[in-house]
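In what follows, a single structure is set out as structure tokens and then discussed.
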Amino acid sequence: MAQVHSYQSAELRGRRAERAARWWLRLQGYRILASGYRVPVGEIDIVARRGAILAIVEVKTRADLDRAAYAIGGRQRRRIQRATEAYISAHPALVNRQVRFDAILVAPWRWPRHLKAAWQAQ
């Protein structure tokens, strides 16, 4: 029973972190195009646009910002990149946008930290 509760609380923390990240992005002038985009090959937490930039944003919440920063592994980045290809192919108007992979790190009692160009596509 404890595992189910732990999963549910982690899921709730994740949803709250994504809500905070969307709020943060809007304050920075981004327009949110999608949230929680899922396809069989991967998922994207947030797709946002600001000018010519199409920001693909991974949101991580941990006890502190450093732990959140290290929580995005290579396998996850590849899944996000595959999901990005699917998203762009489903939205042809975005083909000529500059794609940037960002991360927003969330920790309790801290402002979200937006890491622009957190990694490059492989």
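Each chain of the structure tokens is named A, B, ... in the order shown, its residues numbered from 1; ligands are numbered from 1 in display order.
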> Any idea what's packed within 8 Å of Val41 in chain A, counting only C-alpha atoms, ignoring anything in its chain fewer than 4 positions away? Could you give it as JSON, numbers by chain?
Replying inline: {"A": [79, 82, 83]}
DSSP on the backbone: which residues in chain A end up as alpha helix (DSSP H)? Give the answer as a PDB file with N, CA and C atoms, in the first residue's frame.
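What landed in part.pdb:
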ATOM      1  N   ALA A   2       2.010   1.216   0.671  1.00  0.00           N
ATOM      2  CA  ALA A   2       2.877   2.393   0.748  1.00  0.00           C
ATOM      3  C   ALA A   2       3.409   2.778  -0.633  1.00  0.00           C
ATOM      4  N   GLN A   3       3.699   1.788  -1.481  1.00  0.00           N
ATOM      5  CA  GLN A   3       4.206   2.090  -2.812  1.00  0.00           C
ATOM      6  C   GLN A   3       3.175   2.837  -3.631  1.00  0.00           C
ATOM      7  N   VAL A   4       1.915   2.444  -3.549  1.00  0.00           N
ATOM      8  CA  VAL A   4       0.861   3.133  -4.293  1.00  0.00           C
ATOM      9  C   VAL A   4       0.765   4.570  -3.809  1.00  0.00           C
ATOM     10  N   HIS A   5       0.771   4.770  -2.520  1.00  0.00           N
ATOM     11  CA  HIS A   5       0.701   6.121  -1.965  1.00  0.00           C
ATOM     12  C   HIS A   5       1.890   6.955  -2.416  1.00  0.00           C
ATOM     13  N   SER A   6       3.082   6.362  -2.389  1.00  0.00           N
ATOM     14  CA  SER A   6       4.289   7.062  -2.805  1.00  0.00           C
ATOM     15  C   SER A   6       4.200   7.456  -4.275  1.00  0.00           C
ATOM     16  N   TYR A   7       3.705   6.544  -5.134  1.00  0.00           N
ATOM     17  CA  TYR A   7       3.552   6.846  -6.553  1.00  0.00           C
ATOM     18  C   TYR A   7       2.560   7.983  -6.744  1.00  0.00           C
ATOM     19  N   GLN A   8       1.443   7.931  -6.021  1.00  0.00           N
ATOM     20  CA  GLN A   8       0.426   8.980  -6.152  1.00  0.00           C
ATOM     21  C   GLN A   8       0.968  10.326  -5.704  1.00  0.00           C
ATOM     22  N   SER A   9       1.727  10.365  -4.620  1.00  0.00           N
ATOM     23  CA  SER A   9       2.268  11.642  -4.156  1.00  0.00           C
ATOM     24  C   SER A   9       3.330  12.155  -5.127  1.00  0.00           C
ATOM     25  N   ALA A  10       4.128  11.258  -5.721  1.00  0.00           N
ATOM     26  CA  ALA A  10       5.109  11.678  -6.724  1.00  0.00           C
ATOM     27  C   ALA A  10       4.395  12.229  -7.951  1.00  0.00           C
ATOM     28  N   GLU A  11       3.316  11.580  -8.348  1.00  0.00           N
ATOM     29  CA  GLU A  11       2.525  12.049  -9.489  1.00  0.00           C
ATOM     30  C   GLU A  11       1.947  13.435  -9.211  1.00  0.00           C
ATOM     31  N   LEU A  12       1.448  13.648  -8.013  1.00  0.00           N
ATOM     32  CA  LEU A  12       0.895  14.945  -7.620  1.00  0.00           C
ATOM     33  C   LEU A  12       1.982  16.017  -7.604  1.00  0.00           C
ATOM     34  N   ARG A  13       3.161  15.698  -7.057  1.00  0.00           N
ATOM     35  CA  ARG A  13       4.280  16.653  -7.060  1.00  0.00           C
ATOM     36  C   ARG A  13       4.676  17.014  -8.492  1.00  0.00           C
ATOM     37  N   GLY A  14       4.684  16.014  -9.359  1.00  0.00           N
ATOM     38  CA  GLY A  14       5.031  16.249 -10.753  1.00  0.00           C
ATOM     39  C   GLY A  14       4.038  17.174 -11.442  1.00  0.00           C
ATOM     40  N   ARG A  15       2.754  16.963 -11.210  1.00  0.00           N
ATOM     41  CA  ARG A  15       1.728  17.835 -11.807  1.00  0.00           C
ATOM     42  C   ARG A  15       1.851  19.257 -11.276  1.00  0.00           C
ATOM     43  N   ARG A  16       2.112  19.394  -9.991  1.00  0.00           N
ATOM     44  CA  ARG A  16       2.291  20.737  -9.412  1.00  0.00           C
ATOM     45  C   ARG A  16       3.522  21.425 -10.001  1.00  0.00           C
ATOM     46  N   ALA A  17       4.598  20.668 -10.163  1.00  0.00           N
ATOM     47  CA  ALA A  17       5.823  21.233 -10.733  1.00  0.00           C
ATOM     48  C   ALA A  17       5.579  21.684 -12.171  1.00  0.00           C
ATOM     49  N   GLU A  18       4.851  20.894 -12.948  1.00  0.00           N
ATOM     50  CA  GLU A  18       4.556  21.284 -14.329  1.00  0.00           C
ATOM     51  C   GLU A  18       3.670  22.526 -14.369  1.00  0.00           C
ATOM     52  N   ARG A  19       2.740  22.631 -13.464  1.00  0.00           N
ATOM     53  CA  ARG A  19       1.889  23.834 -13.389  1.00  0.00           C
ATOM     54  C   ARG A  19       2.750  25.057 -13.066  1.00  0.00           C
ATOM     55  N   ALA A  20       3.665  24.916 -12.113  1.00  0.00           N
ATOM     56  CA  ALA A  20       4.572  26.021 -11.764  1.00  0.00           C
ATOM     57  C   ALA A  20       5.456  26.380 -12.951  1.00  0.00           C
ATOM     58  N   ALA A  21       5.921  25.383 -13.690  1.00  0.00           N
ATOM     59  CA  ALA A  21       6.778  25.628 -14.851  1.00  0.00           C
ATOM     60  C   ALA A  21       6.011  26.372 -15.948  1.00  0.00           C
ATOM     61  N   ARG A  22       4.772  25.983 -16.203  1.00  0.00           N
ATOM     62  CA  ARG A  22       3.968  26.695 -17.208  1.00  0.00           C
ATOM     63  C   ARG A  22       3.771  28.150 -16.790  1.00  0.00           C
ATOM     64  N   TRP A  23       3.499  28.361 -15.511  1.00  0.00           N
ATOM     65  CA  TRP A  23       3.327  29.715 -14.982  1.00  0.00           C
ATOM     66  C   TRP A  23       4.608  30.525 -15.207  1.00  0.00           C
ATOM     67  N   TRP A  24       5.747  29.912 -14.868  1.00  0.00           N
ATOM     68  CA  TRP A  24       7.044  30.576 -15.014  1.00  0.00           C
ATOM     69  C   TRP A  24       7.309  30.950 -16.474  1.00  0.00           C
ATOM     70  N   LEU A  25       7.047  30.012 -17.375  1.00  0.00           N
ATOM     71  CA  LEU A  25       7.273  30.266 -18.799  1.00  0.00           C
ATOM     72  C   LEU A  25       6.395  31.409 -19.305  1.00  0.00           C
ATOM     73  N   ARG A  26       5.139  31.418 -18.912  1.00  0.00           N
ATOM     74  CA  ARG A  26       4.243  32.505 -19.332  1.00  0.00           C
ATOM     75  C   ARG A  26       4.760  33.853 -18.837  1.00  0.00           C
ATOM     76  N   LEU A  27       5.248  33.914 -17.615  1.00  0.00           N
ATOM     77  CA  LEU A  27       5.807  35.158 -17.079  1.00  0.00           C
ATOM     78  C   LEU A  27       7.030  35.604 -17.881  1.00  0.00           C
ATOM     79  N   LEU A  65      17.493  21.658  -6.161  1.00  0.00           N
ATOM     80  CA  LEU A  65      17.653  21.936  -7.586  1.00  0.00           C
ATOM     81  C   LEU A  65      18.798  21.141  -8.219  1.00  0.00           C
ATOM     82  N   ASP A  66      19.867  20.886  -7.474  1.00  0.00           N
ATOM     83  CA  ASP A  66      20.982  20.107  -8.027  1.00  0.00           C
ATOM     84  C   ASP A  66      20.544  18.677  -8.358  1.00  0.00           C
ATOM     85  N   ARG A  67      19.789  18.066  -7.459  1.00  0.00           N
ATOM     86  CA  ARG A  67      19.297  16.705  -7.724  1.00  0.00           C
ATOM     87  C   ARG A  67      18.370  16.698  -8.933  1.00  0.00           C
ATOM     88  N   ALA A  68      17.550  17.725  -9.052  1.00  0.00           N
ATOM     89  CA  ALA A  68      16.653  17.821 -10.200  1.00  0.00           C
ATOM     90  C   ALA A  68      17.453  17.913 -11.497  1.00  0.00           C
ATOM     91  N   ALA A  69      18.539  18.674 -11.483  1.00  0.00           N
ATOM     92  CA  ALA A  69      19.356  18.859 -12.690  1.00  0.00           C
ATOM     93  C   ALA A  69      19.970  17.540 -13.159  1.00  0.00           C
ATOM     94  N   GLY A  74      20.347  10.268 -20.319  1.00  0.00           N
ATOM     95  CA  GLY A  74      20.468  10.150 -21.769  1.00  0.00           C
ATOM     96  C   GLY A  74      19.298   9.429 -22.411  1.00  0.00           C
ATOM     97  N   ARG A  75      18.836   8.372 -21.807  1.00  0.00           N
ATOM     98  CA  ARG A  75      17.692   7.616 -22.354  1.00  0.00           C
ATOM     99  C   ARG A  75      16.455   8.501 -22.400  1.00  0.00           C
ATOM    100  N   GLN A  76      16.234   9.253 -21.344  1.00  0.00           N
ATOM    101  CA  GLN A  76      15.074  10.141 -21.298  1.00  0.00           C
ATOM    102  C   GLN A  76      15.195  11.250 -22.343  1.00  0.00           C
ATOM    103  N   ARG A  77      16.389  11.799 -22.508  1.00  0.00           N
ATOM    104  CA  ARG A  77      16.588  12.837 -23.528  1.00  0.00           C
ATOM    105  C   ARG A  77      16.281  12.301 -24.919  1.00  0.00           C
ATOM    106  N   ARG A  78      16.693  11.068 -25.202  1.00  0.00           N
ATOM    107  CA  ARG A  78      16.405  10.472 -26.516  1.00  0.00           C
ATOM    108  C   ARG A  78      14.904  10.282 -26.717  1.00  0.00           C
ATOM    109  N   ARG A  79      14.191   9.868 -25.673  1.00  0.00           N
ATOM    110  CA  ARG A  79      12.728   9.707 -25.770  1.00  0.00           C
ATOM    111  C   ARG A  79      12.056  11.065 -26.012  1.00  0.00           C
ATOM    112  N   ILE A  80      12.540  12.090 -25.356  1.00  0.00           N
ATOM    113  CA  ILE A  80      11.989  13.434 -25.557  1.00  0.00           C
ATOM    114  C   ILE A  80      12.246  13.890 -26.990  1.00  0.00           C
ATOM    115  N   GLN A  81      13.432  13.625 -27.502  1.00  0.00           N
ATOM    116  CA  GLN A  81      13.769  14.005 -28.875  1.00  0.00           C
ATOM    117  C   GLN A  81      12.875  13.284 -29.884  1.00  0.00           C
ATOM    118  N   ARG A  82      12.612  11.992 -29.667  1.00  0.00           N
ATOM    119  CA  ARG A  82      11.715  11.254 -30.575  1.00  0.00           C
ATOM    120  C   ARG A  82      10.293  11.812 -30.493  1.00  0.00           C
ATOM    121  N   ALA A  83       9.845  12.141 -29.301  1.00  0.00           N
ATOM    122  CA  ALA A  83       8.511  12.736 -29.144  1.00  0.00           C
ATOM    123  C   ALA A  83       8.450  14.101 -29.826  1.00  0.00           C
ATOM    124  N   THR A  84       9.548  14.836 -29.789  1.00  0.00           N
ATOM    125  CA  THR A  84       9.619  16.143 -30.451  1.00  0.00           C
ATOM    126  C   THR A  84       9.454  15.983 -31.955  1.00  0.00           C
ATOM    127  N   GLU A  85      10.122  14.993 -32.533  1.00  0.00           N
ATOM    128  CA  GLU A  85       9.975  14.729 -33.972  1.00  0.00           C
ATOM    129  C   GLU A  85       8.519  14.431 -34.311  1.00  0.00           C
ATOM    130  N   ALA A  86       7.846  13.639 -33.475  1.00  0.00           N
ATOM    131  CA  ALA A  86       6.435  13.318 -33.701  1.00  0.00           C
ATOM    132  C   ALA A  86       5.573  14.574 -33.588  1.00  0.00           C
ATOM    133  N   TYR A  87       5.856  15.405 -32.595  1.00  0.00           N
ATOM    134  CA  TYR A  87       5.068  16.628 -32.395  1.00  0.00           C
ATOM    135  C   TYR A  87       5.209  17.558 -33.601  1.00  0.00           C
ATOM    136  N   ILE A  88       6.434  17.759 -34.049  1.00  0.00           N
ATOM    137  CA  ILE A  88       6.665  18.666 -35.172  1.00  0.00           C
ATOM    138  C   ILE A  88       6.042  18.110 -36.451  1.00  0.00           C
ATOM    139  N   SER A  89       6.131  16.814 -36.650  1.00  0.00           N
ATOM    140  CA  SER A  89       5.522  16.248 -37.858  1.00  0.00           C
ATOM    141  C   SER A  89       3.994  16.376 -37.822  1.00  0.00           C
ATOM    142  N   ALA A  90       3.418  16.411 -36.634  1.00  0.00           N
ATOM    143  CA  ALA A  90       1.966  16.605 -36.498  1.00  0.00           C
ATOM    144  C   ALA A  90       1.571  18.080 -36.585  1.00  0.00           C
TER     145      ALA A  90
END
>> Show me, as a list in words, the residues that have an atom within 8 Å of Arg100 in chain A when counting only C-alpha atoms, minus same-chain residues fewer than 6 positions from it.
In response: Ile53, Leu54, Ala55, Ile56, Lys116, Ala117 and Gln120 of chain A
Those residues with C-alpha atoms, as a CSV table (one decimal), in the first residue's frame please?
chain,number,residue,atom,x,y,z
A,53,ILE,CA,12.2,29.4,-30.6
A,54,LEU,CA,10.3,26.2,-30.0
A,55,ALA,CA,11.2,25.2,-26.5
A,56,ILE,CA,10.8,21.6,-25.6
A,116,LYS,CA,17.8,27.1,-21.6
A,117,ALA,CA,19.5,24.7,-24.0
A,120,GLN,CA,21.5,19.4,-27.6
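Of the residues listed (A:Ala52, A:His91, A:Thr61, A:Arg110), A:His91 shows the shortest atom-to-atom separation from Ala34 in chain A; distances use only C-alpha atoms.
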> Between A:Ile44, A:Leu115, A:Gln122, A:Arg31, which one has atoms that come closest to Asp102 in chain A, using only C-alpha atoms?
Replying inline: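 When distances to Asp102 in chain A are compared using only C-alpha atoms, the smallest one comes from A:Leu115.
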> Got a sec to tell me which of range 34-108 of chain A DSSP assigns to strand (DSSP E), as a PyMOL selection string?
Replying inline: chain A and resi 34-39+42-50+53-61+98-106
> Which residue, A:Val57, A:Gly51, A:Arg113, A:Gly42, has the smallest gap to Asn96 in chain A when you use only C-alpha atoms?
Replying inline: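 Using only C-alpha atoms, Asn96 in chain A sits closest to A:Gly51.
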>> What does the structure give for the distance between CA of Leu105 in chain A and CA of Val39 in chain A, in Å to one decimal?
In response: 23.2 Å
> Pick from A:Ile32, A:Ala121, A:Ile46, A:Ala63: nearest to Gln98 in chain A, with only C-alpha atoms counted?
Replying inline: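 Smallest separation from Gln98 in chain A among the options: A:Ala121.
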